[in-house]
Every structure is written in structure tokens, then in C-alpha cells.
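For reference, final-v2.pdb (PDB, C-alpha atoms):
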```
ATOM      1  CA  MET B 131      12.270 -87.685  50.475
ATOM      2  CA  LYS B 132      14.877 -87.416  53.184
ATOM      3  CA  LYS B 133      14.629 -87.655  56.961
ATOM      4  CA  CYS B 134      15.567 -85.049  59.542
ATOM      5  CA  THR B 135      18.735 -85.994  61.400
ATOM      6  CA  TYR B 136      17.277 -84.702  64.673
ATOM      7  CA  CYS B 137      13.619 -85.789  64.857
ATOM      8  CA  LYS B 138      13.638 -88.423  62.053
ATOM      9  CA  ARG B 139      10.511 -86.961  60.393
ATOM     10  CA  LYS B 140      10.205 -86.966  56.601
ATOM     11  CA  MET B 141      10.991 -83.759  54.748
ATOM     12  CA  LYS B 142      11.284 -82.745  51.098
ATOM     13  CA  ASP B 143      14.700 -82.915  49.449
ATOM     14  CA  ASN B 144      14.825 -79.197  48.649
ATOM     15  CA  TRP B 145      14.069 -78.032  52.211
ATOM     16  CA  SER B 146      16.962 -76.494  54.158
ATOM     17  CA  TYR B 147      15.319 -76.816  57.581
ATOM     18  CA  CYS B 148      13.013 -79.360  59.171
ATOM     19  CA  PRO B 149       9.472 -77.914  59.488
ATOM     20  CA  THR B 150       8.867 -79.934  62.661
ATOM     21  CA  CYS B 151      11.888 -79.182  64.828
ATOM     22  CA  GLY B 152      13.752 -76.467  62.898
ATOM     23  CA  THR B 153      17.036 -78.360  62.592
ATOM     24  CA  GLN B 154      19.180 -77.545  59.567
ATOM     25  CA  ALA B 155      18.993 -80.293  56.945
ATOM     26  CA  ASN B 156      22.020 -82.568  56.489
ATOM     27  CA  LYS B 157      23.577 -81.208  59.679
ATOM     28  CA  GLN B 158      25.519 -83.706  61.737
ATOM     29  CA  VAL B 159      23.725 -83.982  65.104
ATOM     30  CA  THR B 160      25.971 -84.520  68.115
ATOM     31  CA  MET B 161      25.242 -84.681  71.809
ATOM     32  CA  PHE B 162      26.644 -81.149  72.130
ATOM     33  CA  ASN B 163      24.197 -79.881  69.457
ATOM     34  CA  LEU B 164      21.281 -81.510  71.275
ATOM     35  CA  LEU B 165      22.306 -80.013  74.613
ATOM     36  CA  LYS B 166      22.852 -76.566  73.090
ATOM     37  CA  ARG B 167      19.437 -76.700  71.433
ATOM     38  CA  GLN B 168      17.761 -77.603  74.730
ATOM     39  CA  MET B 169      19.569 -74.743  76.504
ATOM     40  CA  ASP B 170      18.411 -72.314  73.787
ATOM     41  CA  ILE B 171      14.837 -73.489  74.247
ATOM     42  CA  MET B 172      15.144 -72.975  78.029
ATOM     43  CA  LYS B 173      16.542 -69.462  77.517
ATOM     44  CA  ASN B 174      13.616 -68.571  75.293
ATOM     45  CA  LEU B 175      11.100 -69.957  77.767
ATOM     46  CA  VAL B 176      12.628 -68.121  80.689
ATOM     47  CA  GLY B 177      13.183 -64.946  78.683
ATOM     48  CA  ARG B 178      16.670 -64.157  79.939
ATOM     49  CA  THR B 179      20.084 -64.302  78.351
ATOM     50  CA  ASP B 180      22.465 -64.617  81.296
ATOM     51  CA  GLU B 181      25.174 -66.810  79.798
ATOM     52  CA  TYR B 182      27.362 -67.273  82.845
ATOM     53  CA  GLU B 183      24.882 -67.702  85.677
ATOM     54  CA  PRO B 184      22.513 -70.593  84.987
ATOM     55  CA  GLU B 185      20.802 -70.116  88.361
ATOM     56  CA  ALA B 186      20.008 -66.474  87.522
ATOM     57  CA  ARG B 187      18.143 -67.536  84.368
ATOM     58  CA  ILE B 188      15.270 -69.108  86.250
ATOM     59  CA  GLN B 189      12.822 -66.466  87.401
ATOM     60  CA  GLN B 190      10.911 -67.062  90.601
ATOM     61  CA  PRO B 191       7.174 -66.569  90.136
ATOM     62  CA  ARG B 192       5.529 -64.457  92.806
ATOM     63  CA  ASN B 193       3.189 -67.071  94.289
ATOM     64  CA  ALA B 194       4.715 -70.420  93.546
ATOM     65  CA  ILE B 195       6.760 -73.346  94.698
ATOM     66  CA  THR B 196      10.079 -74.639  93.455
ATOM     67  CA  ILE B 197      10.287 -78.208  92.211
ATOM     68  CA  GLN B 198      13.697 -79.787  91.845
ATOM     69  CA  ILE B 199      14.093 -83.107  90.021
ATOM     70  CA  ASN B 200      17.405 -84.945  90.288
ATOM     71  CA  SER B 201      18.226 -88.049  88.321
ATOM     72  CA  SER B 202      21.485 -89.794  87.612
ATOM     73  CA  GLY B 203      21.914 -92.783  85.380
ATOM     74  CA  MET B 204      19.040 -95.207  85.355
ATOM     75  CA  ARG B 205      17.912 -94.493  88.923
ATOM     76  CA  GLU B 206      14.433 -93.302  89.692
ATOM     77  CA  PRO B 207      14.277 -89.489  89.809
ATOM     78  CA  ARG B 208      14.208 -87.808  93.205
ATOM     79  CA  VAL B 209      11.649 -85.007  93.443
ATOM     80  CA  GLN B 210      11.900 -82.259  96.060
ATOM     81  CA  ILE B 211       9.278 -79.556  96.516
ATOM     82  CA  PHE B 212      10.231 -76.313  98.255
ATOM     83  CA  PRO B 213       7.480 -73.836  99.142
ATOM     84  CA  LYS B 214       8.355 -70.219  98.461
ATOM     85  CA  PRO B 215       9.535 -68.681 101.722
ATOM     86  CA  ILE B 216       7.367 -65.920 103.116
ATOM     87  CA  PRO B 217       9.557 -62.857 103.720
ATOM     88  CA  SER B 218       9.517 -61.774 107.330
ATOM     89  CA  ARG B 219       8.974 -58.158 108.289
ATOM     90  CA  GLU B 220      12.221 -58.268 110.279
ATOM     91  CA  ASP B 221      14.025 -58.320 106.926
ATOM     92  CA  GLN B 222      12.710 -54.787 106.347
ATOM     93  CA  PRO B 223      13.539 -52.972 109.622
ATOM     94  CA  TYR B 224      12.344 -49.562 108.458
ATOM     95  CA  ALA B 225       9.160 -50.719 106.758
ATOM     96  CA  ASP B 226       5.891 -49.655 108.323
ATOM     97  CA  LYS B 227       4.919 -52.358 110.803
ATOM     98  CA  VAL B 228       1.186 -51.677 110.904
ATOM     99  CA  SER B 229      -0.684 -50.426 107.890
ATOM    100  CA  ILE B 230      -3.921 -48.652 108.722
ATOM    101  CA  GLN B 231      -6.181 -48.291 105.710
ATOM    102  CA  LYS B 232      -6.687 -44.588 105.082
ATOM    103  CA  LYS B 233      -8.928 -43.138 102.427
ATOM    104  CA  MET B 234      -7.168 -41.316  99.619
ATOM    105  CA  PRO B 235      -8.335 -37.764  98.893
ATOM    106  CA  GLU B 236     -10.244 -37.103  95.664
ATOM    107  CA  ILE B 237      -7.146 -35.702  93.948
ATOM    108  CA  VAL B 238      -4.357 -38.266  93.645
ATOM    109  CA  LEU B 239      -1.100 -37.336  91.937
ATOM    110  CA  GLU B 240       1.891 -39.392  90.832
ATOM    111  CA  PRO B 241       5.008 -37.496  91.911
ATOM    112  CA  GLU B 242       8.175 -37.297  89.821
ATOM    113  CA  VAL B 243      10.888 -39.364  91.467
ATOM    114  CA  LYS B 244      14.603 -38.660  91.402
ATOM    115  CA  VAL B 245      16.704 -41.814  91.565
ATOM    116  CA  LYS B 246      20.391 -41.958  92.364
ATOM    117  CA  ARG B 247      22.078 -45.326  91.855
ATOM    118  CA  LEU B 248      25.345 -46.055  93.588
ATOM    119  CA  ALA B 249      27.409 -49.240  93.672
ATOM    120  CA  ARG B 250      25.353 -50.961  96.380
ATOM    121  CA  GLU B 251      22.648 -48.388  97.118
ATOM    122  CA  MET B 252      19.625 -46.775  95.522
ATOM    123  CA  LEU B 253      18.462 -43.371  96.771
ATOM    124  CA  PHE B 254      14.967 -42.100  95.962
ATOM    125  CA  THR B 255      13.789 -38.534  96.461
ATOM    126  CA  ILE B 256      10.032 -38.139  96.128
ATOM    127  CA  PRO B 257       8.559 -34.611  96.349
ATOM    128  CA  LEU B 258       5.436 -34.670  98.539
ATOM    129  CA  PRO B 259       4.338 -31.071  99.090
ATOM    130  CA  ASN B 260       1.800 -30.483 101.897
ATOM    131  CA  ILE B 261       2.695 -33.752 103.626
ATOM    132  CA  LYS B 262       3.678 -32.718 107.131
ATOM    133  CA  SER B 263       4.461 -35.964 108.937
ATOM    134  CA  GLY B 264       5.822 -39.419 108.297
ATOM    135  CA  LYS B 265       2.565 -40.746 109.804
ATOM    136  CA  ASP B 266       0.799 -39.577 106.630
ATOM    137  CA  ILE B 267       2.992 -41.839 104.485
ATOM    138  CA  GLU B 268       2.459 -45.565 103.938
ATOM    139  CA  LEU B 269       5.073 -47.857 102.435
ATOM    140  CA  LYS B 270       4.048 -51.299 101.286
ATOM    141  CA  ILE B 271       7.042 -53.521 100.543
ATOM    142  CA  LEU B 272       6.259 -56.012  97.767
ATOM    143  CA  PRO B 273       8.571 -58.681  96.272
ATOM    144  CA  ASP B 274       9.751 -56.550  93.318
ATOM    145  CA  SER B 275       8.587 -53.083  94.270
ATOM    146  CA  VAL B 276       7.566 -50.616  96.950
ATOM    147  CA  GLU B 277       4.184 -48.914  96.955
ATOM    148  CA  VAL B 278       4.278 -45.370  98.335
ATOM    149  CA  LYS B 279       1.070 -43.646  99.451
ATOM    150  CA  ALA B 280       0.976 -40.181 101.006
ATOM    151  CA  PHE B 281      -2.194 -38.648 102.444
ATOM    152  CA  GLY B 282      -2.694 -34.881 102.479
ATOM    153  CA  LYS B 283      -5.835 -32.894 103.279
ATOM    154  CA  LYS B 284      -6.745 -32.100  99.668
ATOM    155  CA  LYS B 285      -4.234 -34.113  97.636
ATOM    156  CA  GLY B 286      -2.876 -37.617  97.867
ATOM    157  CA  TYR B 287       0.214 -39.105  96.249
ATOM    158  CA  PHE B 288       0.730 -42.600  94.911
ATOM    159  CA  LYS B 289       3.860 -44.088  93.353
ATOM    160  CA  ILE B 290       5.230 -47.586  92.719
ATOM    161  CA  LEU B 291       9.020 -47.904  92.834
ATOM    162  CA  ASN B 292      10.692 -50.857  91.140
ATOM    163  CA  ILE B 293      13.282 -52.258  93.518
ATOM    164  CA  PRO B 294      15.514 -55.302  92.857
ATOM    165  CA  LYS B 295      14.762 -58.230  95.163
ATOM    166  CA  ASN B 296      18.125 -58.160  96.929
ATOM    167  CA  TYR B 297      17.755 -54.511  98.054
ATOM    168  CA  LYS B 298      16.370 -53.698 101.512
ATOM    169  CA  LEU B 299      14.980 -50.440 102.859
ATOM    170  CA  VAL B 300      17.548 -49.052 105.307
ATOM    171  CA  GLU B 301      16.582 -45.404 105.674
ATOM    172  CA  LYS B 302      13.395 -43.342 105.443
ATOM    173  CA  ASP B 303      12.911 -39.672 106.251
ATOM    174  CA  LEU B 304      10.698 -36.717 105.328
ATOM    175  CA  LYS B 305      12.563 -33.405 105.030
ATOM    176  CA  GLU B 306      11.334 -30.149 103.518
ATOM    177  CA  GLY B 307       8.473 -31.806 101.646
ATOM    178  CA  ASN B 308      10.654 -34.589 100.181
ATOM    179  CA  LEU B 309      10.464 -38.239 101.120
ATOM    180  CA  ASN B 310      13.962 -39.753 101.021
ATOM    181  CA  LEU B 311      14.263 -43.528 100.801
ATOM    182  CA  LYS B 312      17.537 -45.415 100.837
ATOM    183  CA  PHE B 313      17.762 -49.049  99.721
ATOM    184  CA  ALA B 314      20.949 -51.082 100.012
ATOM    185  CA  ILE B 315      22.197 -54.601  99.381
TER
END
```

This structure in C-alpha cells:
Amino acid sequence: MKKCTYCKRKMKDNWSYCPTCGTQANKQVTMFNLLKRQMDIMKNLVGRTDEYEPEARIQQPRNAITIQINSSGMREPRVQIFPKPIPSREDQPYADKVSIQKKMPEIVLEPEVKVKRLAREMLFTIPLPNIKSGKDIELKILPDSVEVKAFGKKKGYFKILNIPKNYKLVEKDLKEGNLNLKFAI
């Protein structure tokens, strides 16, 4: 029986890979190999493959805190805890300031949305027939999306738009039965 060069567990002579850690048998283990393996494990845990932006690999959970642990040499690690900042409504100048709970009509439809993506803008056109006023439309800005509700007399409309976190609502208007939303960086 031979031992794995990475985890030092016993393995059969005819095995090509360690069943415990997955390291290739008889492979010379260097510090670079160990670091690369740990980075691969982190990529798999995070679920992203951004090679050049290590900060972009770590996804921020919706309701969480950030914990940063710094350690150098043999010193005791320094732990910092950062609560997730609560986004202020001033960041979204065109978002509805007060949301009054209205009852949706019995018939609720999901409208087809036309999306136009430009370099630093996203334009959404949402057809909302029989919606006469912007007062009949509610926008709820969420961390990764925008919830659109429109209230008509007989029909209501509901749609969730996926919006990247760095985009902000900069323009909203209702023209000829179409709700036009403009998001920009």
C-alpha cells in the first residue's frame, strides 16, 4: 500500500487517485498545487468562474453580514464583522416613495417585456393596456430585481424584472399604454 502525497492516507497501489482527497497518485505536491486546489474548491463553493476578479467571485447573500479574517505570520487573527448596509431610498430617486397596498383584480396577467440593453443602460417597455395613470402602478425595488404591479379595473399586471445590483432606476413614464423604465449605472 502507498500513501497519498497530499493527505497522507493509505491507498491501494493500483489506484490513480486518492479516494479521500482526489489528488492524483504519485503527483509531486507543491505549495502552488495546494493553493490552486484551495482556489478551485472556493470557486466551486461560490459557483462562479471569474478568473481575474477575486472580489467578484464572492456573492453577497441577501440578508447577511460580511466577516473578514486577516492573519499574517504567527499573529492572532483579526476578525472584523460588517453588517450588510441597508440601501437608502435616496439611492433610487424615481422609485415609489410610499407603497399603499392595493388589492389585485381577479384576473392577473404577466405582460411580455421588451428589453433593450445598451452599454450602460437597460430600457424596459412593458405593455399595460387599460392602465390610465402612473398612480395605478407600483414599483418595488429589491436587491436583484424590481417588482412591477399595475392595477386596472378588471385586470391586473404583475412582472418581476431581473436587474443587476449596480443599476439604478433613472426614468419612469407611462405613454400610450406602455410603461417605460430606464435603468443606468

Query - Distance of CA of Leu269 (chain B) from CA of Phe281 (chain B), expressed in Å to one decimal place - result: 11.7 Å

Query raised in the report: Selected by the PyMOL selection byres ((chain B and resi 253) around 6) in the shown coordinates: which residues, as a PyMOL selection string?
Result: chain B and resi 245-246+252+254+311-312

Report summary line: Separating CA of Leu175 (chain B) from CA of Lys133 (chain B), to the nearest tenth of an Å, is a gap of 27.5 Å

**Report entry** Residues matched by the PyMOL selection byres ((chain B and resi 297-303) around 10) as a VMD selection string
**Finding:** chain B and resid 221 to 225 250 to 255 263 to 264 269 271 274 276 293 to 296 304 to 305 308 to 315

Would you save the residues of that selection, restricted to C-alpha atoms, as a PDB file, keeping the file's coordinate frame?
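And here is the file that came out, part.pdb:
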```pdb
ATOM      1  CA  ASP B 221      14.025 -58.320 106.926  1.00  0.00           C
ATOM      2  CA  GLN B 222      12.710 -54.787 106.347  1.00  0.00           C
ATOM      3  CA  PRO B 223      13.539 -52.972 109.622  1.00  0.00           C
ATOM      4  CA  TYR B 224      12.344 -49.562 108.458  1.00  0.00           C
ATOM      5  CA  ALA B 225       9.160 -50.719 106.758  1.00  0.00           C
ATOM      6  CA  ARG B 250      25.353 -50.961  96.380  1.00  0.00           C
ATOM      7  CA  GLU B 251      22.648 -48.388  97.118  1.00  0.00           C
ATOM      8  CA  MET B 252      19.625 -46.775  95.522  1.00  0.00           C
ATOM      9  CA  LEU B 253      18.462 -43.371  96.771  1.00  0.00           C
ATOM     10  CA  PHE B 254      14.967 -42.100  95.962  1.00  0.00           C
ATOM     11  CA  THR B 255      13.789 -38.534  96.461  1.00  0.00           C
ATOM     12  CA  SER B 263       4.461 -35.964 108.937  1.00  0.00           C
ATOM     13  CA  GLY B 264       5.822 -39.419 108.297  1.00  0.00           C
ATOM     14  CA  LEU B 269       5.073 -47.857 102.435  1.00  0.00           C
ATOM     15  CA  ILE B 271       7.042 -53.521 100.543  1.00  0.00           C
ATOM     16  CA  ASP B 274       9.751 -56.550  93.318  1.00  0.00           C
ATOM     17  CA  VAL B 276       7.566 -50.616  96.950  1.00  0.00           C
ATOM     18  CA  ILE B 293      13.282 -52.258  93.518  1.00  0.00           C
ATOM     19  CA  PRO B 294      15.514 -55.302  92.857  1.00  0.00           C
ATOM     20  CA  LYS B 295      14.762 -58.230  95.163  1.00  0.00           C
ATOM     21  CA  ASN B 296      18.125 -58.160  96.929  1.00  0.00           C
ATOM     22  CA  LEU B 304      10.698 -36.717 105.328  1.00  0.00           C
ATOM     23  CA  LYS B 305      12.563 -33.405 105.030  1.00  0.00           C
ATOM     24  CA  ASN B 308      10.654 -34.589 100.181  1.00  0.00           C
ATOM     25  CA  LEU B 309      10.464 -38.239 101.120  1.00  0.00           C
ATOM     26  CA  ASN B 310      13.962 -39.753 101.021  1.00  0.00           C
ATOM     27  CA  LEU B 311      14.263 -43.528 100.801  1.00  0.00           C
ATOM     28  CA  LYS B 312      17.537 -45.415 100.837  1.00  0.00           C
ATOM     29  CA  PHE B 313      17.762 -49.049  99.721  1.00  0.00           C
ATOM     30  CA  ALA B 314      20.949 -51.082 100.012  1.00  0.00           C
ATOM     31  CA  ILE B 315      22.197 -54.601  99.381  1.00  0.00           C
TER      32      ILE B 315
END
```

Query raised in the report: Which residues, written as a VMD selection string, have at least one atom at most 8 Å from Cys134 (chain B), with only C-alpha atoms counted and residues fewer than 5 positions away on the same chain left out?
Result: chain B and resid 139 to 141 148 153 155 to 156

As JSON, please: the centre and edge lengths in Å, to one decimal, of an axis-aligned box enclosing every listed atom of region 257-268 of chain B with 3 Å added on each side.
```
{"center_x": 4.7, "center_y": -38.0, "center_z": 103.1, "size_x": 13.8, "size_y": 21.1, "size_z": 19.5}
```

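Near Ile237 (chain B), within a cut-off of 12 Å and counting all atoms listed in the file, sit the residues Lys233, Met234, Glu240, Ala280, Phe281, Gly282, Lys283, Lys284, Lys285, Gly286, Tyr287 and Phe288 of chain B, with same-chain residues fewer than 3 positions away left out.
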
Query raised in the report: What is the CA of Lys132 (chain B)-CA of Asp170 (chain B) distance in Å, reported with one decimal?
Result: 25.8 Å

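The closest residue to Ile261 (chain B), picked from B:Lys142, B:Lys289, B:Arg208, B:Lys279 and counting all atoms listed in the file, is B:Lys279.
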
Kindly output region 289-307 of chain B as a short mmCIF file (atom, residue, chain, number, x, y, z; two decimals), in the frame of the given file, after building N, CA and C atoms.
```cif
data_model
loop_
_atom_site.label_atom_id
_atom_site.label_comp_id
_atom_site.auth_asym_id
_atom_site.auth_seq_id
_atom_site.Cartn_x
_atom_site.Cartn_y
_atom_site.Cartn_z
N LYS B 289 2.76 -43.75 94.26
CA LYS B 289 3.86 -44.09 93.35
C LYS B 289 4.31 -45.51 93.64
N ILE B 290 4.65 -46.25 92.58
CA ILE B 290 5.23 -47.59 92.72
C ILE B 290 6.68 -47.50 92.26
N LEU B 291 7.59 -47.91 93.13
CA LEU B 291 9.02 -47.90 92.83
C LEU B 291 9.46 -49.33 92.56
N ASN B 292 10.15 -49.53 91.45
CA ASN B 292 10.69 -50.86 91.14
C ASN B 292 12.02 -51.01 91.85
N ILE B 293 12.10 -52.01 92.70
CA ILE B 293 13.28 -52.26 93.52
C ILE B 293 13.74 -53.69 93.27
N PRO B 294 15.03 -53.92 92.98
CA PRO B 294 15.51 -55.30 92.86
C PRO B 294 15.28 -56.08 94.15
N LYS B 295 15.10 -57.38 94.01
CA LYS B 295 14.76 -58.23 95.16
C LYS B 295 15.81 -58.21 96.27
N ASN B 296 17.08 -58.07 95.91
CA ASN B 296 18.12 -58.16 96.93
C ASN B 296 18.35 -56.84 97.68
N TYR B 297 17.62 -55.79 97.35
CA TYR B 297 17.76 -54.51 98.05
C TYR B 297 16.76 -54.43 99.20
N LYS B 298 17.20 -53.87 100.32
CA LYS B 298 16.37 -53.70 101.51
C LYS B 298 16.29 -52.22 101.86
N LEU B 299 15.15 -51.81 102.40
CA LEU B 299 14.98 -50.44 102.86
C LEU B 299 15.78 -50.24 104.14
N VAL B 300 16.71 -49.28 104.13
CA VAL B 300 17.55 -49.05 105.31
C VAL B 300 17.36 -47.66 105.91
N GLU B 301 16.75 -46.75 105.15
CA GLU B 301 16.58 -45.40 105.67
C GLU B 301 15.36 -44.76 105.06
N LYS B 302 14.59 -44.03 105.90
CA LYS B 302 13.40 -43.34 105.44
C LYS B 302 13.28 -42.06 106.24
N ASP B 303 13.15 -40.92 105.54
CA ASP B 303 12.91 -39.67 106.25
C ASP B 303 12.16 -38.69 105.36
N LEU B 304 11.47 -37.75 106.01
CA LEU B 304 10.70 -36.72 105.33
C LEU B 304 11.30 -35.38 105.72
N LYS B 305 11.93 -34.70 104.77
CA LYS B 305 12.56 -33.40 105.03
C LYS B 305 12.14 -32.41 103.97
N GLU B 306 11.67 -31.26 104.41
CA GLU B 306 11.33 -30.15 103.52
C GLU B 306 10.43 -30.58 102.37
N GLY B 307 9.44 -31.38 102.66
CA GLY B 307 8.47 -31.81 101.65
C GLY B 307 8.96 -32.89 100.71
#
```
